[in-house]
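Report on one structure; see the data block that follows.
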Amino acid sequence: MTMLDRQSPAAIASAVNGGKTSALAVAQETLARLEAYDVVQPQIWISRAAPADMLAAAREVDARIAAGEQLPLAGVPFAVKDNIDVAGFETTAGCPAYAYSPADSATVAEKLLEAGAICVGKTNLDQFATGLVGTRSPYGIPRNAYNLAYVSGGSSSGSAVAVAAGLVGFALGTDTAGSGRVPAAFNHLVGLKPTKGRWSTQGLVPACRTIDCITVFTDNLSDARLVDDVLAGFDAADPYSKPLADVALRPKRVGVPRRDQRAWFGDSQSEYLYDRAIARLGTNAEIIELDISPLNEAASLLYNGPWVAERTAAIQDLLASNPDAIHETVRQITEAGLSKSAVDVFNGMYRLAELKRQADGLWDEVDMLAFPTTGTTYRVAELLVAPIALNSNLGFYTNFVNLLDMAAVAVPAGTRSNGTGFGITLIGPADSDQALLGAAETYLAVADLPAPPALDLEGKMESVKLAVVGAHLKDMPLHWQLTSRKAVFVGAFETAPTYRLYAIADSVPPKPALVHSEDGAAIKVEVYELDVAAFGSFVAEVPAPLAIGTVTLANGSSVKGFVAESRATTGAQDITDLGGWRAFIAAK
């Protein structure tokens, strides 16, 4: 395997069980991978196993194989979010003042170790699993594996990056509001969020104990299914565990939010990728638009209602004795729970029961939901300036799922131009986990997704794609304004058939005006790529009545491009029928 390629637990276990390699050899390679990626992001870890301990654990697995055992996860390296107990490691939940050394491992960790997996270490997280961003930790900020300027997603930040970077075959996360799904989307991963109670939460530091779920990040669906096979089952030590059940689904009716209820937060690329994903889903199912108001209201109870008090309950002693030990944003959120009364909680429970009844009624109309995992993503710098508001945006499509007792699996659905992942989440009723995995396999079989981009190992220069339509075209009078900024030619394209093109009156040099119009036509453009600084300086030179806005191309994607104020058409010649500026210049 090439260094930093992703690893498959099934492939590793098959090779170790079959004698084609050894757990020891896998562990040695894992140590090399860890050392290589430490140069990029050491902060994805809070603690790691000593190399000697990892090698000793690998030798024990090899001894079990030699004795005739067949282990479903033989020699597979895995990581654990540091709010889940693993004996031999401190549990910090992202807060040094909270740290303790557990005598025993969480049930899920015990099962994985018994299945032959080898724990590499404990991963960084938004403190006390409070956040969807990965920026709320005193141990550093894990960043998106494909663009280091962007958030990794949280709260299971380090776990997602560890899998995306090929350091481990899989990693455990947790999910209360979307923490096992959002990082999966941003890092081109599968994120399985089981039904509440399907996997034991014994040994988990609670966020909201009644709705917390332990989750897994993998590179593909078959490996997520493999981990589920190992972990699913009743645990008498967990008061929220329940006997296994499987709800069969025939996902022929797929529910999506009504178009007027979809929130993109200014991210046209996400909107385009979601529309494309729905079209792919529609090859095997009927797409049904739903009123998601009940889901949105349920989601609001998590942070704007009394459920925030459950987060407060989880850390109330530390909040009272040493509040300064808690991350400022996390403290601000959890302190809000102190003002919630028992009356607030009961009223919230009553309203949630009503909303759940409405939500359960959706299953009479559709077999499953297919929502964007998030409507957008953000740079780390942006989150640090507006940590609560932007975090809330990321939870728009995720916060309701656990409150309404639904199962979910997040899968990749495309790549933004900045390299970060866009994903969709398939959501079903409780106990539909296996059926959702099957539905996800059907979707990915027709999704025609490219492989994830190369890892960002040293920080990408951010760039912007710009569509030009007139005097900036190649060999035209103002093209030098692009070449002087080292713009790179991306290609010749056409716009969507919703534009009209005008030759502006008395413009020197001659320039066109591109104006959006439903009775328009496709107009020829050229697309160039500039770094952000060069783009900014270019925009500063654009004279009125022209401006830079967003232009939709014929393939449905959007780029920045020349648009015009309405006054640009005064006295102008409509040249739409010519299809482009070059044809107009040639005709002159």
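Scheme for the structure tokens: letters A, B, ... for chains in order shown; per-chain residue numbers from 1; ligand numbers from 1 in order shown.
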Residues of region 159-227 of chain A at most 10 Å from region 305-318 of chain A: nearest atom pair and distance in Å, only C-alpha atoms, as a Markdown table:
```
| residue | atom | partner | partner_atom | distance |
| --- | --- | --- | --- | --- |
| A:Val205 | CA | A:Ala314 | CA | 7.9 |
| A:Pro206 | CA | A:Ala314 | CA | 6.0 |
| A:Ala207 | CA | A:Arg311 | CA | 5.2 |
| A:Cys208 | CA | A:Glu310 | CA | 5.2 |
| A:Arg209 | CA | A:Glu310 | CA | 7.3 |
| A:Thr210 | CA | A:Glu310 | CA | 8.5 |
| A:Ile211 | CA | A:Glu310 | CA | 9.9 |
```
Could you go through region 281-480 of chain A and tell me which residues DSSP, when run on the backbone, assigns to helix (DSSP H, G or I), listing them as a VMD selection string?
chain A and resid 281 293 to 304 308 to 314 316 to 321 323 to 325 328 to 339 342 to 364 380 to 385 387 to 394 400 to 403 433 to 447 480
Using only C-alpha atoms, determine which residues lie at most 9 Å from region 394-398 of chain A, disregarding the query and same-chain residues fewer than 2 positions distant; provide the list as JSON, numbers by chain.
{"A": [132, 133, 153, 177, 178, 179, 181, 182, 263, 295, 296, 299, 371, 372, 373, 374, 375, 376, 377, 390, 391, 392, 400, 401, 402, 425]}
If we count only C-alpha atoms and set the cut-off at 6 Å, which residues sit around Lys193 (chain A), ignoring sequence neighbours fewer than 2 positions away in its own chain? Please answer as a ChimeraX atom specification.
/A:215,408-409
Each residue of region 5-46 of chain A lying at most 12 Å from region 455-466 of chain A should get a row with its shortest atom-to-atom pair and the distance in Å to one decimal, counting only C-alpha atoms; could you produce that, ordered by chain and increasing number, as JSON lines?
```
{"residue": "A:Asp5", "atom": "CA", "partner": "A:Leu455", "partner_atom": "CA", "distance": 9.5}
{"residue": "A:Arg6", "atom": "CA", "partner": "A:Leu455", "partner_atom": "CA", "distance": 10.8}
{"residue": "A:Ala36", "atom": "CA", "partner": "A:Leu457", "partner_atom": "CA", "distance": 10.1}
{"residue": "A:Tyr37", "atom": "CA", "partner": "A:Leu457", "partner_atom": "CA", "distance": 8.2}
{"residue": "A:Asp38", "atom": "CA", "partner": "A:Leu457", "partner_atom": "CA", "distance": 10.4}
{"residue": "A:Val39", "atom": "CA", "partner": "A:Leu457", "partner_atom": "CA", "distance": 8.6}
{"residue": "A:Val40", "atom": "CA", "partner": "A:Leu457", "partner_atom": "CA", "distance": 5.9}
{"residue": "A:Gln41", "atom": "CA", "partner": "A:Leu457", "partner_atom": "CA", "distance": 8.7}
```
Output the selection as a short mmCIF file (atom, residue, chain, number, x, y, z; two decimals), in the first residue's frame - C-alpha atoms for each residue.
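Dumped to result-v4.cif:
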```cif
data_model
loop_
_atom_site.label_atom_id
_atom_site.label_comp_id
_atom_site.auth_asym_id
_atom_site.auth_seq_id
_atom_site.Cartn_x
_atom_site.Cartn_y
_atom_site.Cartn_z
CA ASP A 5 -3.68 5.55 1.09
CA ARG A 6 -6.81 4.67 3.01
CA ALA A 36 4.60 10.64 8.42
CA TYR A 37 1.31 12.42 9.16
CA ASP A 38 2.54 13.85 12.46
CA VAL A 39 4.41 16.37 10.34
CA VAL A 40 1.03 17.58 9.01
CA GLN A 41 -1.44 17.32 11.89
#
```
For Lys122 (chain A), find every residue with an atom within 10 Å (counting only C-alpha atoms), except residues of its own chain fewer than 5 positions away, and show them as a PDB file with C-alpha atoms, in the first residue's frame.
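Everything below was put into part.pdb:
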```pdb
ATOM      1  CA  ILE A  44      -5.619  15.024  15.641  1.00  0.00           C
ATOM      2  CA  TRP A  45      -4.453  12.911  18.600  1.00  0.00           C
ATOM      3  CA  ILE A  46      -4.796  13.502  22.332  1.00  0.00           C
ATOM      4  CA  SER A  47      -2.908  10.349  23.292  1.00  0.00           C
ATOM      5  CA  ARG A  48      -1.354   7.449  21.410  1.00  0.00           C
ATOM      6  CA  ALA A  49      -0.263   3.944  22.254  1.00  0.00           C
ATOM      7  CA  PHE A  78      -8.369   1.755  14.848  1.00  0.00           C
ATOM      8  CA  ALA A  79      -8.767   5.016  16.744  1.00  0.00           C
ATOM      9  CA  VAL A  80     -11.195   6.034  19.472  1.00  0.00           C
ATOM     10  CA  LYS A  81     -12.649   9.443  20.149  1.00  0.00           C
ATOM     11  CA  ASP A  82     -11.395  10.588  23.537  1.00  0.00           C
ATOM     12  CA  ASN A  83     -14.766  10.595  25.244  1.00  0.00           C
ATOM     13  CA  ILE A  84     -14.913   6.779  25.049  1.00  0.00           C
ATOM     14  CA  ASP A  85     -13.019   4.734  27.646  1.00  0.00           C
ATOM     15  CA  VAL A  86     -10.153   2.470  26.608  1.00  0.00           C
ATOM     16  CA  PHE A  89      -5.452   5.461  28.017  1.00  0.00           C
ATOM     17  CA  GLU A  90      -6.643   8.540  29.852  1.00  0.00           C
ATOM     18  CA  THR A  91     -10.127   9.758  28.966  1.00  0.00           C
ATOM     19  CA  THR A  92     -10.140  13.559  28.716  1.00  0.00           C
ATOM     20  CA  ALA A  93     -13.262  14.441  26.701  1.00  0.00           C
ATOM     21  CA  GLY A 158      -9.648  13.682  15.020  1.00  0.00           C
ATOM     22  CA  SER A 159     -11.371  10.368  14.328  1.00  0.00           C
ATOM     23  CA  ALA A 171     -12.362   5.138  13.990  1.00  0.00           C
ATOM     24  CA  LEU A 172     -15.068   5.477  16.591  1.00  0.00           C
TER      25      LEU A 172
END
```
Would you work out the distance separating CA of Leu384 (chain A) from CA of Cys95 (chain A), expressed in Å to one decimal?
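That distance, rounded to one decimal, is 18.5 Å.
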Run DSSP on the backbone and tell me which residues of region 136-307 of chain A come out as strand (DSSP E or B); list them as a ChimeraX atom specification.
/A:143,150-151,170-175,190-193,204,213-218,253-257,286-290
Nearest to Leu226 (chain A) among A:Leu352, A:Ala11, A:Leu369, A:Val26, with distances taken over only C-alpha atoms: which residue is it?
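Comparing A:Leu352, A:Ala11, A:Leu369, A:Val26 against Leu226 (chain A), the winner is A:Ala11.
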Spatial neighbours of region 30-34 of chain A, 9 Å, only C-alpha atoms, chain gap at least 6 places, as a list in words
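Here the answer would be Met3, Leu4, Pro42, Pro51, Met54, Pro77, Val120, Ala165, Gly166, Leu167 and Val168 of chain A.
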Find the residues near Ile141 (chain A): any atom within 8 Å, counting only C-alpha atoms, skip ones fewer than 4 places away on the same chain, and give them as JSON, numbers by chain.
{"A": [43, 44, 134, 135, 136, 137]}
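Across the structure, CA of Gly580 (chain A) and CA of Ser517 (chain A) are spaced 15.4 Å apart.
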Could you check the closest approach to Gly131 (chain A) for each of A:Ala27, A:Leu383, A:Ala471, A:Leu55 and tell me which residue wins, using only C-alpha atoms?
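The shortest atom-to-atom distance to Gly131 (chain A) comes from A:Leu383.
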Given the choices A:Pro257, A:Gly348, A:Pro194, A:Gly121, which gets closest to Ser300 (chain A) if the distance is worked out from only C-alpha atoms?
A:Gly348
Interatomic distance (Å, one decimal) between CA of Arg250 (chain A) and CA of Val216 (chain A)
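Between these atoms lies a distance of 24.4 Å.
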Best match for closeness to Val508 (chain A) among A:Ala533, A:Leu403, A:Leu478, A:Val330, counting only C-alpha atoms:
A:Leu478
